[in-house]
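A.B. asks: Structure supplied as upload_28.cif; contents: mmCIF, C-alpha atoms.
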data_query
#
loop_
_atom_site.label_atom_id
_atom_site.label_comp_id
_atom_site.auth_asym_id
_atom_site.auth_seq_id
_atom_site.Cartn_x
_atom_site.Cartn_y
_atom_site.Cartn_z
CA MET Q 1 8.01 42.20 59.62
CA SER Q 2 8.14 39.33 57.20
CA GLU Q 3 5.91 36.60 55.95
CA VAL Q 4 6.25 33.53 58.10
CA LYS Q 5 7.30 30.62 55.98
CA ASN Q 6 8.24 27.04 56.56
CA MET Q 7 11.83 27.36 57.78
CA SER Q 8 12.88 23.86 56.68
CA PRO Q 9 12.01 23.45 53.02
CA ASP Q 10 12.50 19.67 53.16
CA VAL Q 11 9.75 19.24 55.75
CA PRO Q 12 6.37 18.94 54.04
CA THR Q 13 4.01 21.62 55.28
CA PHE Q 14 1.36 19.06 56.24
CA TRP Q 15 3.65 17.95 59.05
CA LEU Q 16 3.45 21.34 60.69
CA PRO Q 17 1.28 21.35 63.77
CA ASP Q 18 -1.19 24.12 64.43
CA ALA Q 19 0.83 27.08 65.56
CA ALA Q 20 -0.62 27.59 69.00
CA PRO Q 21 -2.70 25.64 71.47
CA GLN Q 22 -6.38 25.41 70.55
CA GLY Q 23 -5.71 25.52 66.85
CA HIS Q 24 -4.70 29.14 66.52
CA PRO Q 25 -3.59 29.68 62.91
CA ALA Q 26 0.03 30.54 62.14
CA ALA Q 27 0.73 34.24 62.39
CA PRO Q 28 0.26 36.04 59.09
CA VAL Q 29 3.03 38.49 60.02
CA ARG Q 30 5.89 37.75 62.38
CA ARG Q 31 6.05 40.31 65.20
CA ARG Q 32 8.68 41.09 67.80
CA ILE Q 33 7.19 41.25 71.27
CA LEU Q 34 8.93 41.97 74.57
CA ILE Q 35 7.60 40.11 77.59
CA GLY Q 36 8.74 41.39 80.95
CA LYS Q 37 7.94 41.62 84.60
CA PRO Q 38 8.27 45.05 86.16
CA GLY Q 39 8.08 45.54 89.88
CA LEU Q 40 9.01 43.31 92.73
CA ASP Q 41 6.98 40.14 92.45
CA GLY Q 42 8.88 37.16 91.14
CA HIS Q 43 6.06 34.93 89.94
CA ASP Q 44 6.99 34.51 86.30
CA ARG Q 45 4.98 31.45 85.30
CA GLY Q 46 2.37 33.57 83.51
CA ALA Q 47 4.97 35.67 81.70
CA LYS Q 48 6.86 32.59 80.55
CA TYR Q 49 3.63 30.91 79.42
CA VAL Q 50 2.67 33.92 77.32
CA ALA Q 51 6.19 34.05 75.86
CA GLN Q 52 5.80 30.44 74.80
CA ILE Q 53 2.33 30.78 73.24
CA LEU Q 54 3.49 33.80 71.25
CA ARG Q 55 6.52 31.81 70.11
CA ASP Q 56 4.23 28.95 69.10
CA ALA Q 57 2.11 31.42 67.15
CA GLY Q 58 5.21 32.31 65.11
CA HIS Q 59 6.41 35.50 66.80
CA GLU Q 60 9.83 36.49 68.13
CA VAL Q 61 9.60 37.05 71.87
CA ILE Q 62 12.26 38.89 73.84
CA TYR Q 63 12.02 37.80 77.45
CA THR Q 64 13.58 40.12 80.03
CA GLY Q 65 13.07 38.18 83.24
CA ILE Q 66 11.76 39.34 86.60
CA ARG Q 67 12.11 42.47 88.73
CA ARG Q 68 12.82 44.96 85.95
CA THR Q 69 12.33 48.69 86.15
CA PRO Q 70 10.18 50.52 83.59
CA GLU Q 71 13.39 52.27 82.47
CA GLN Q 72 15.12 48.94 81.77
CA ILE Q 73 12.07 47.60 79.95
CA VAL Q 74 11.68 50.63 77.69
CA ALA Q 75 15.42 50.79 76.93
CA ALA Q 76 15.31 47.11 75.97
CA ALA Q 77 12.14 47.55 73.89
CA VAL Q 78 13.70 50.40 71.91
CA GLN Q 79 16.99 48.57 71.28
CA GLU Q 80 15.09 45.44 70.32
CA ASP Q 81 12.69 47.50 68.16
CA VAL Q 82 9.68 45.49 69.28
CA ASP Q 83 6.14 45.95 67.99
CA ALA Q 84 4.65 45.40 71.43
CA ILE Q 85 5.49 45.14 75.12
CA GLY Q 86 3.60 42.68 77.31
CA LEU Q 87 3.94 43.19 81.06
CA SER Q 88 2.91 40.69 83.68
CA LEU Q 89 2.15 41.98 87.18
CA LEU Q 90 0.87 40.22 90.24
CA SER Q 91 2.13 42.71 92.79
CA GLY Q 92 -0.64 45.32 92.78
CA SER Q 93 1.66 48.06 91.53
CA HIS Q 94 0.23 48.00 88.00
CA ASN Q 95 -1.18 51.54 87.91
CA ALA Q 96 2.13 53.26 88.65
CA LEU Q 97 4.29 50.92 86.56
CA PHE Q 98 2.16 50.96 83.39
CA ALA Q 99 1.87 54.74 83.57
CA ARG Q 100 5.64 55.03 83.82
CA VAL Q 101 6.25 52.65 80.89
CA LEU Q 102 3.84 54.63 78.68
CA GLU Q 103 5.47 57.91 79.71
CA LEU Q 104 8.98 56.60 78.93
CA LEU Q 105 7.84 55.30 75.53
CA ARG Q 106 6.52 58.77 74.67
CA ALA Q 107 9.83 60.30 75.77
CA GLN Q 108 11.73 57.90 73.50
CA ASP Q 109 9.56 58.74 70.47
CA ALA Q 110 8.30 55.16 70.64
CA GLU Q 111 4.57 55.57 71.23
CA ASP Q 112 3.91 53.24 68.31
CA ILE Q 113 5.02 50.32 70.49
CA ALA Q 114 1.77 48.79 71.79
CA VAL Q 115 1.57 47.94 75.49
CA PHE Q 116 -0.37 44.94 76.83
CA GLY Q 117 -0.83 43.79 80.38
CA GLY Q 118 -1.63 40.65 82.26
CA GLY Q 119 -1.91 39.37 85.78
CA VAL Q 120 -4.03 39.91 88.82
CA ILE Q 121 -5.57 43.29 88.05
CA PRO Q 122 -8.96 44.41 89.43
CA ASP Q 123 -11.68 45.34 86.89
CA ASP Q 124 -11.73 49.01 87.91
CA ASP Q 125 -8.01 49.25 87.33
CA VAL Q 126 -8.34 47.49 83.97
CA GLU Q 127 -10.60 50.35 82.82
CA ARG Q 128 -8.11 52.85 84.14
CA LEU Q 129 -5.18 51.20 82.35
CA LEU Q 130 -7.10 51.04 79.06
CA ALA Q 131 -7.87 54.76 79.44
CA LEU Q 132 -4.15 55.43 79.96
CA GLY Q 133 -3.35 53.80 76.63
CA VAL Q 134 -2.73 50.14 77.48
CA GLN Q 135 -4.15 48.20 74.52
CA ALA Q 136 -5.53 45.18 76.38
CA VAL Q 137 -5.31 43.59 79.82
CA PHE Q 138 -5.50 39.82 80.17
CA THR Q 139 -6.69 38.71 83.59
CA PRO Q 140 -6.68 35.14 84.97
CA GLY Q 141 -8.74 32.73 82.88
CA THR Q 142 -8.01 34.34 79.52
CA SER Q 143 -7.27 31.61 76.99
CA ALA Q 144 -4.03 31.38 75.05
CA ALA Q 145 -5.87 31.74 71.75
CA GLU Q 146 -7.61 34.88 72.98
CA ILE Q 147 -4.32 36.49 74.05
CA VAL Q 148 -2.61 35.72 70.77
CA SER Q 149 -5.49 36.83 68.56
CA ARG Q 150 -6.08 40.05 70.50
CA ILE Q 151 -2.40 41.03 70.28
CA GLU Q 152 -2.30 40.18 66.57
CA GLN Q 153 -5.50 42.12 65.99
CA VAL Q 154 -4.20 45.27 67.71
CA LEU Q 155 -0.87 45.06 65.87
CA SER Q 156 -2.57 44.55 62.51
CA THR Q 157 -4.06 48.05 62.74
CA ARG Q 158 -0.68 49.68 63.38
CA MET T 1 -0.09 50.24 58.88
CA SER T 2 2.07 53.35 59.21
CA MET T 3 4.73 54.03 56.59
CA GLN T 4 8.12 52.60 57.49
CA PRO T 5 11.01 55.06 57.22
CA THR T 6 13.51 54.18 54.50
CA ILE T 7 17.03 52.96 55.27
CA PRO T 8 18.63 56.28 54.15
CA GLU T 9 16.14 58.15 56.37
CA LEU T 10 17.06 56.00 59.36
CA VAL T 11 20.80 56.43 58.67
CA ALA T 12 20.31 60.22 58.57
CA LYS T 13 18.23 60.14 61.77
CA LEU T 14 20.88 58.10 63.57
CA ALA T 15 23.66 60.43 62.42
CA ALA T 16 21.69 63.47 63.61
CA SER T 17 20.79 62.04 67.04
CA GLU T 18 22.68 62.23 70.33
CA GLY T 19 22.83 60.06 73.46
CA THR T 20 19.88 57.81 74.17
CA ALA T 21 17.98 59.28 71.20
CA ARG T 22 20.35 57.18 69.04
CA LEU T 23 18.86 53.94 70.34
CA ARG T 24 15.58 54.26 68.44
CA PRO T 25 16.95 54.81 64.91
CA ALA T 26 19.70 52.20 65.53
CA GLY T 27 17.11 49.66 66.69
CA ARG T 28 14.88 50.33 63.68
CA LEU T 29 17.81 50.13 61.29
CA ILE T 30 18.72 46.69 62.63
CA THR T 31 15.14 45.56 61.99
CA ALA T 32 15.46 46.85 58.44
CA MET T 33 18.70 44.86 58.01
CA VAL T 34 16.96 41.70 59.20
CA GLU T 35 13.62 42.15 57.44
CA ARG T 36 14.06 43.99 54.19
CA PRO T 37 15.35 42.46 50.97
CA ASN T 38 18.69 43.87 49.76
CA ALA T 39 19.01 45.89 52.96
CA ALA T 40 22.80 45.56 53.14
CA ALA T 41 23.22 46.88 49.59
CA THR T 42 20.83 49.74 50.33
CA LEU T 43 22.80 50.59 53.47
CA VAL T 44 26.10 50.59 51.54
CA GLU T 45 24.50 52.94 49.00
CA ALA T 46 23.18 55.21 51.77
CA LEU T 47 26.75 55.41 53.08
CA ASN T 48 28.00 56.60 49.68
CA GLY T 49 29.07 53.24 48.37
CA ARG T 50 31.68 52.23 50.88
CA ASP T 51 31.83 48.65 52.15
CA LEU T 52 29.56 47.65 55.02
CA PRO T 53 31.26 49.11 58.10
CA ARG T 54 32.40 46.77 60.88
CA PRO T 55 33.30 47.50 64.48
CA PRO T 56 37.11 47.57 64.95
CA LEU T 57 36.89 44.35 66.94
CA VAL T 58 34.29 41.60 66.69
CA ILE T 59 34.54 38.83 69.28
CA GLY T 60 32.45 35.68 69.08
CA PHE T 61 31.30 33.65 72.07
CA THR T 62 30.09 30.19 71.19
CA GLY T 63 29.55 26.89 72.98
CA ALA T 64 26.96 24.46 74.26
CA PRO T 65 23.58 25.57 75.65
CA GLY T 66 23.95 26.34 79.33
CA ALA T 67 27.75 26.72 79.17
CA GLY T 68 27.25 30.28 80.41
CA LYS T 69 27.73 32.34 77.23
CA SER T 70 25.20 35.06 78.10
CA THR T 71 26.42 35.38 81.67
CA LEU T 72 30.00 35.53 80.45
CA VAL T 73 29.20 38.19 77.83
CA ASP T 74 27.49 40.21 80.58
CA ALA T 75 30.48 39.82 82.92
CA VAL T 76 33.07 40.60 80.21
CA THR T 77 31.12 43.70 79.17
CA ALA T 78 30.81 44.99 82.73
CA ARG T 79 34.53 44.49 83.35
CA LEU T 80 35.43 46.02 80.00
CA LEU T 81 33.36 49.13 80.75
CA GLU T 82 35.38 49.58 83.96
CA ARG T 83 38.72 49.04 82.32
CA ARG T 84 38.05 51.06 79.18
CA PRO T 85 35.60 53.90 79.82
CA ASP T 86 36.24 55.16 76.27
CA LEU T 87 34.82 52.09 74.50
CA ARG T 88 31.29 51.45 73.32
CA ILE T 89 30.15 47.87 73.13
CA ALA T 90 27.44 46.24 71.04
CA ILE T 91 26.13 42.85 72.15
CA LEU T 92 24.40 40.77 69.49
CA ALA T 93 22.86 37.65 70.95
CA VAL T 94 21.42 34.91 68.74
CA ASP T 95 18.84 32.33 69.80
CA PRO T 96 17.12 29.67 67.69
CA THR T 97 14.03 30.08 65.52
CA SER T 98 11.40 27.34 65.61
CA PRO T 99 11.55 25.15 62.50
CA PHE T 100 7.79 24.64 62.89
CA THR T 101 6.32 28.07 63.48
CA GLY T 102 9.08 30.59 62.71
CA GLY T 103 8.69 31.89 66.27
CA ALA T 104 11.44 32.24 68.87
CA VAL T 105 12.04 33.04 72.50
CA LEU T 106 15.10 35.26 72.72
CA GLY T 107 16.22 34.99 76.32
CA ASP T 108 19.86 36.07 76.43
CA ARG T 109 18.96 39.51 77.79
CA VAL T 110 17.75 37.93 81.02
CA ARG T 111 21.43 37.63 82.03
CA MET T 112 22.32 41.15 80.91
CA MET T 113 19.72 43.45 82.41
CA ARG T 114 22.23 45.37 84.52
CA LEU T 115 23.57 46.68 81.17
CA ALA T 116 20.14 47.79 79.91
CA LEU T 117 20.58 51.41 80.98
CA GLU T 118 24.29 51.65 80.25
CA GLU T 119 24.72 54.33 77.59
CA ARG T 120 27.88 52.73 76.23
CA VAL T 121 26.15 49.42 75.53
CA PHE T 122 23.66 48.44 72.83
CA ILE T 123 22.08 44.99 73.09
CA ARG T 124 20.11 43.30 70.35
CA SER T 125 18.62 39.80 70.37
CA LEU T 126 18.47 38.05 67.02
CA ALA T 127 16.79 34.85 65.85
CA THR T 128 18.52 32.35 63.54
CA ARG T 129 15.56 32.36 61.10
CA GLY T 130 16.52 29.08 59.50
CA GLN T 131 20.32 29.56 59.42
CA LEU T 132 22.05 26.45 60.74
CA GLY T 133 25.55 27.80 61.41
CA GLY T 134 24.87 29.30 64.85
CA VAL T 135 24.35 32.93 63.83
CA CYS T 136 21.89 34.69 61.50
CA GLU T 137 22.11 35.65 57.87
CA ALA T 138 21.73 39.37 58.54
CA LEU T 139 24.73 39.50 60.92
CA PRO T 140 27.02 41.59 58.63
CA GLY T 141 24.26 44.20 58.22
CA VAL T 142 23.57 44.19 61.95
CA LEU T 143 27.30 44.63 62.68
CA ALA T 144 27.27 47.57 60.25
CA VAL T 145 24.46 49.27 62.17
CA ALA T 146 26.29 48.60 65.45
CA THR T 147 29.26 50.43 63.92
CA LEU T 148 27.08 53.38 62.91
CA TRP T 149 25.73 53.47 66.48
CA GLY T 150 29.35 53.81 67.61
CA ALA T 151 30.44 50.34 68.69
CA ASP T 152 34.20 49.93 69.14
CA VAL T 153 33.75 46.30 70.08
CA ALA T 154 30.97 43.89 69.17
CA LEU T 155 30.41 40.77 71.23
CA VAL T 156 28.44 38.21 69.24
CA GLU T 157 26.87 35.38 71.21
CA THR T 158 25.84 32.42 69.06
CA VAL T 159 23.01 30.02 69.68
CA GLY T 160 23.96 27.09 71.86
CA VAL T 161 26.08 24.95 69.53
CA GLY T 162 27.44 21.44 69.40
CA GLN T 163 30.24 20.50 67.06
CA SER T 164 29.76 21.86 63.58
CA GLU T 165 28.02 25.24 63.91
CA ILE T 166 31.07 27.34 63.22
CA ASP T 167 29.79 30.28 61.18
CA ILE T 168 30.84 32.64 63.96
CA ALA T 169 34.45 32.11 62.83
CA ARG T 170 33.52 33.59 59.43
CA HIS T 171 32.29 36.78 61.10
CA ALA T 172 34.37 37.31 64.25
CA ASP T 173 37.98 38.50 64.46
CA MET T 174 38.37 36.23 67.45
CA SER T 175 36.20 33.25 68.39
CA CYS T 176 36.00 32.19 72.03
CA ILE T 177 34.70 28.70 72.74
CA VAL T 178 32.89 28.69 76.08
CA MET T 179 32.86 25.35 77.84
CA ALA T 180 31.70 24.05 81.18
CA PRO T 181 32.66 20.91 83.09
CA GLY T 182 30.58 17.78 82.81
CA LEU T 183 29.88 17.68 79.08
CA GLY T 184 32.38 15.20 77.66
CA ASP T 185 35.75 13.51 77.95
CA GLY T 186 39.06 14.07 76.15
CA VAL T 187 37.90 12.39 72.94
CA GLN T 188 35.43 15.21 72.28
CA TRP T 189 38.28 17.71 72.10
CA LEU T 190 40.03 15.79 69.30
CA LYS T 191 37.09 16.18 66.96
CA ALA T 192 37.01 18.46 63.95
CA GLY T 193 34.77 21.49 63.63
CA LEU T 194 34.22 23.71 66.62
CA MET T 195 37.51 22.74 68.26
CA GLU T 196 39.42 23.89 65.17
CA VAL T 197 38.01 27.41 65.04
CA GLY T 198 38.64 28.47 68.64
CA ASP T 199 41.04 31.37 69.13
CA ALA T 200 40.59 30.89 72.86
CA PHE T 201 38.99 28.22 75.02
CA LEU T 202 37.22 29.38 78.15
CA VAL T 203 36.46 26.90 80.92
CA ASN T 204 33.52 28.64 82.56
CA LYS T 205 32.10 27.66 85.96
CA CYS T 206 35.69 27.00 87.00
CA ASP T 207 34.64 26.57 90.62
CA ARG T 208 32.72 23.42 89.77
CA ASP T 209 33.79 19.80 89.97
CA GLY T 210 35.60 18.65 86.86
CA ALA T 211 36.78 22.11 85.78
CA THR T 212 40.46 21.39 86.41
CA THR T 213 40.25 18.13 84.47
CA LEU T 214 38.52 19.90 81.58
CA HIS T 215 41.19 22.61 81.60
CA SER T 216 44.03 20.08 81.35
CA GLN T 217 42.23 18.04 78.67
CA LEU T 218 41.77 21.18 76.59
CA LEU T 219 45.39 22.24 77.08
CA SER T 220 46.51 18.81 75.96
CA ALA T 221 44.22 18.99 72.90
CA VAL T 222 45.40 22.45 71.78
CA GLU T 223 49.07 21.77 72.51
CA SER T 224 49.08 18.53 70.56
CA ARG T 225 48.06 20.55 67.50
CA GLN T 226 50.78 23.16 67.88
CA HIS T 227 52.77 21.94 64.87
CA ALA T 228 49.76 21.88 62.56
CA PRO T 229 49.17 25.04 60.54
CA ARG T 230 46.81 27.49 62.24
CA ARG T 231 43.88 27.85 59.85
CA ARG T 232 41.20 30.51 59.95
CA LEU T 233 37.87 30.99 58.21
CA ARG T 234 38.38 34.75 58.26
CA PRO T 235 41.72 36.53 57.86
CA ALA T 236 43.10 37.87 61.14
CA PRO T 237 42.73 41.65 61.33
CA VAL T 238 45.81 43.69 60.50
CA GLY T 239 48.04 43.92 63.55
CA MET T 240 46.37 41.10 65.44
CA VAL T 241 48.89 38.45 66.39
CA LEU T 242 47.43 35.05 67.12
CA PRO T 243 49.38 32.73 69.36
CA GLN T 244 50.25 29.42 67.74
CA VAL T 245 48.55 27.65 70.63
CA PRO T 246 45.14 29.12 71.49
CA PRO T 247 44.99 30.08 75.16
CA VAL T 248 42.88 28.02 77.56
CA LEU T 249 41.56 30.08 80.45
CA SER T 250 39.57 29.16 83.54
CA VAL T 251 36.87 31.69 84.32
CA SER T 252 33.74 32.05 86.36
CA ALA T 253 31.34 34.57 84.89
CA GLU T 254 29.18 34.34 87.97
CA LEU T 255 31.98 34.81 90.51
CA GLY T 256 33.97 37.24 88.34
CA GLN T 257 37.04 34.99 88.37
CA GLY T 258 39.56 35.03 85.53
CA LEU T 259 37.89 37.94 83.74
CA ASP T 260 40.99 40.13 83.83
CA ASP T 261 43.05 37.33 82.26
CA LEU T 262 40.40 37.06 79.56
CA LEU T 263 40.39 40.82 78.91
CA ASP T 264 44.19 40.69 78.66
CA ILE T 265 44.04 38.37 75.64
CA LEU T 266 41.40 40.40 73.75
CA PRO T 267 43.01 42.52 71.00
CA LEU T 268 41.18 45.66 72.11
CA PRO T 269 41.38 48.74 69.89
CA ALA T 270 43.96 51.23 71.18
CA ALA T 271 41.48 54.11 71.02
CA ALA T 272 37.76 54.55 70.55
CA HIS T 273 36.73 55.26 66.95
CA HIS T 274 33.48 57.11 67.51
#
Could the structure of this file be written out as structure tokens, please?

C.D. replies:
Amino acid sequence: MSEVKNMSPDVPTFWLPDAAPQGHPAAPVRRRILIGKPGLDGHDRGAKYVAQILRDAGHEVIYTGIRRTPEQIVAAAVQEDVDAIGLSLLSGSHNALFARVLELLRAQDAEDIAVFGGGVIPDDDVERLLALGVQAVFTPGTSAAEIVSRIEQVLSTR
Amino acid sequence: MSMQPTIPELVAKLAASEGTARLRPAGRLITAMVERPNAAATLVEALNGRDLPRPPLVIGFTGAPGAGKSTLVDAVTARLLERRPDLRIAILAVDPTSPFTGGAVLGDRVRMMRLALEERVFIRSLATRGQLGGVCEALPGVLAVATLWGADVALVETVGVGQSEIDIARHADMSCIVMAPGLGDGVQWLKAGLMEVGDAFLVNKCDRDGATTLHSQLLSAVESRQHAPRRRLRPAPVGMVLPQVPPVLSVSAELGQGLDDLLDILPLPAAAHH
């Protein structure tokens, strides 16, 4: 992790726009976050949107693309040494896939990597996923600023 | 925040680990190389004062955005794994950092996911973090960690480049310029910079319209320079013979065409070093 600084010293800082939509402040610490889509649905608009808002908040986002297995996602997360994994699911298979990702992280001695979720996930299942160890689940309607600040907040305690 | 392990601790952990358990300490060590001040010097010290290690062969892949660098690196790696089961390959893929926020989307892995579970491959995405030459400042330290992981060959994919981002030629033993039809006429290939540092020119998407024309334009450009001295930004490795005229190959990463010809011109190590 490093302090985020103005990357082009010749650009006055007052030219810099607010980091994220809705005036989210620039990230105090740059994080590495993997965004991926496990399972078989191919609707990646949400995943790509979250990748972009995290980028705009000053983080490095590793995007894996669609239809990945939990094994591929965890192997990538470990090689990339990310601080967090964000998984987008619209397929209904969230319970099994999140459980498997968390299990594989434990097996790789990588439990310190925080796991977040997003997508169409019923409230009852959200509770269940949080109990499993998922740090937060962002369902439709969550604002960009809320997603970014919640992820930053969870990571700041780690 | 939990205490970060030191670089010597991570080096010891990596040396003591086997198989997929090596991924975690190697990944963390790369982060240390990128994030921590004086990390390269600390690593050298942890290795008892030798120089930063380097994989026996470092190959650069550079070229315009969308030319197919990531797909080609994926295809070359898959073919290389078949041909040389003894080799381990590190892929280091660089994408740009935002000049405004310091953030980045590193998307090269999207093309390489079939390699994600391959035990002989380690893939790391890197951000430029303000470096303008097409790679990142920490690359020598990252290559050193790749070597400690066991890489016999490192494939370094640069950011999408134009004409003057040529830092890859300072780091790679061999620089491949990846091109695709439709991006310029013969005048472009006369220009200084990128065209001067290519050790090979790869016409990707060779099934597309304009690929044959591009191939002959490139051949004409490299052959017309055959009497000029061959200059390099990095000395050629001992034993590596560079042809006076850089080869121009037609390939299709997507269709798997021309990959064997490409592998034939790579100066692969005779035996694995790990």

A.B. asks: Step by step, work through what the PyMOL selection byres ((chain T) within 7 of (chain Q)) selects in the shown file, and finish by giving those residues as a list in words.

C.D. replies: Met1, Ser2, Ala21, Leu23, Arg24, Gly27, Arg28, Thr31, Glu35, Pro99, Phe100, Thr101, Gly102, Gly103, Ala104, Val105, Leu106, Gly107, Arg109, Val110, Ala116, Leu117, Phe122, Ile123, Arg124, Ser125 and Gly130 of chain T

A.B. asks: Using C-alpha atoms, can you write the selected residues to a file as a PDB file, keeping the file's coordinate frame?

C.D. replies:
ATOM      1  CA  MET T   1      -0.090  50.240  58.880  1.00  0.00           C
ATOM      2  CA  SER T   2       2.070  53.350  59.210  1.00  0.00           C
ATOM      3  CA  ALA T  21      17.980  59.280  71.200  1.00  0.00           C
ATOM      4  CA  LEU T  23      18.860  53.940  70.340  1.00  0.00           C
ATOM      5  CA  ARG T  24      15.580  54.260  68.440  1.00  0.00           C
ATOM      6  CA  GLY T  27      17.110  49.660  66.690  1.00  0.00           C
ATOM      7  CA  ARG T  28      14.880  50.330  63.680  1.00  0.00           C
ATOM      8  CA  THR T  31      15.140  45.560  61.990  1.00  0.00           C
ATOM      9  CA  GLU T  35      13.620  42.150  57.440  1.00  0.00           C
ATOM     10  CA  PRO T  99      11.550  25.150  62.500  1.00  0.00           C
ATOM     11  CA  PHE T 100       7.790  24.640  62.890  1.00  0.00           C
ATOM     12  CA  THR T 101       6.320  28.070  63.480  1.00  0.00           C
ATOM     13  CA  GLY T 102       9.080  30.590  62.710  1.00  0.00           C
ATOM     14  CA  GLY T 103       8.690  31.890  66.270  1.00  0.00           C
ATOM     15  CA  ALA T 104      11.440  32.240  68.870  1.00  0.00           C
ATOM     16  CA  VAL T 105      12.040  33.040  72.500  1.00  0.00           C
ATOM     17  CA  LEU T 106      15.100  35.260  72.720  1.00  0.00           C
ATOM     18  CA  GLY T 107      16.220  34.990  76.320  1.00  0.00           C
ATOM     19  CA  ARG T 109      18.960  39.510  77.790  1.00  0.00           C
ATOM     20  CA  VAL T 110      17.750  37.930  81.020  1.00  0.00           C
ATOM     21  CA  ALA T 116      20.140  47.790  79.910  1.00  0.00           C
ATOM     22  CA  LEU T 117      20.580  51.410  80.980  1.00  0.00           C
ATOM     23  CA  PHE T 122      23.660  48.440  72.830  1.00  0.00           C
ATOM     24  CA  ILE T 123      22.080  44.990  73.090  1.00  0.00           C
ATOM     25  CA  ARG T 124      20.110  43.300  70.350  1.00  0.00           C
ATOM     26  CA  SER T 125      18.620  39.800  70.370  1.00  0.00           C
ATOM     27  CA  GLY T 130      16.520  29.080  59.500  1.00  0.00           C
TER      28      GLY T 130
END

A.B. asks: Which centre and which edge lengths, in Å to one decimal, describe the axis-aligned box that holds all listed atoms of stretch 9-21 of chain T after 5 Å is added on each side, as JSON?

C.D. replies:
{"center_x": 19.9, "center_y": 59.7, "center_z": 65.3, "size_x": 17.5, "size_y": 17.5, "size_z": 27.8}

A.B. asks: The PyMOL selection byres ((chain T and resi 264) around 12) - which residues does that actually catch in the file I just gave you? List them as a list in words.

C.D. replies: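 Those residues are Val76, Arg79, Leu80, Arg83, Ala200, Pro247, Leu249, Gly258, Leu259, Asp260, Asp261, Leu262, Leu263, Ile265, Leu266, Pro267 and Leu268 of chain T.
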
A.B. asks: For atom CA of Q:Ala136 and atom CA of Q:Gly117, determine how far apart the two atoms are, in Å to one decimal place.

C.D. replies: 6.3 Å

A.B. asks: Using all atoms listed in the file, which of T:Pro140, T:Gly150, T:Gly60, T:Gly186 sits nearest T:Ala39?

C.D. replies: T:Pro140

A.B. asks: Considering all atoms listed in the file, state which residue in the set Q:Leu90, Q:Val29, Q:Ala99, Q:Val50 is at the smallest distance from Q:Ala131.

C.D. replies: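 Nearest candidate to Q:Ala131 out of Q:Leu90, Q:Val29, Q:Ala99, Q:Val50: Q:Ala99.
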
A.B. asks: Would you write out, as a ChimeraX atom specification, every residue that the PyMOL selection byres ((chain T and resi 226) around 12) captures in this file?

C.D. replies: /T:196,219-225,227-231,243-247

A.B. asks: Between atom CA of T:Pro181 and atom CA of T:Val248, what distance in Å does the model show, to one decimal?

C.D. replies: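 If I compute the distance from atom CA of T:Pro181 to atom CA of T:Val248, I get 13.6 Å.
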
A.B. asks: Between atom CA of T:Ala127 and atom CA of T:Ile89, what is the spacing in Å?

C.D. replies: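 Interatomic distance, atom CA of T:Ile89 to atom CA of T:Ala127: 20.0 Å.
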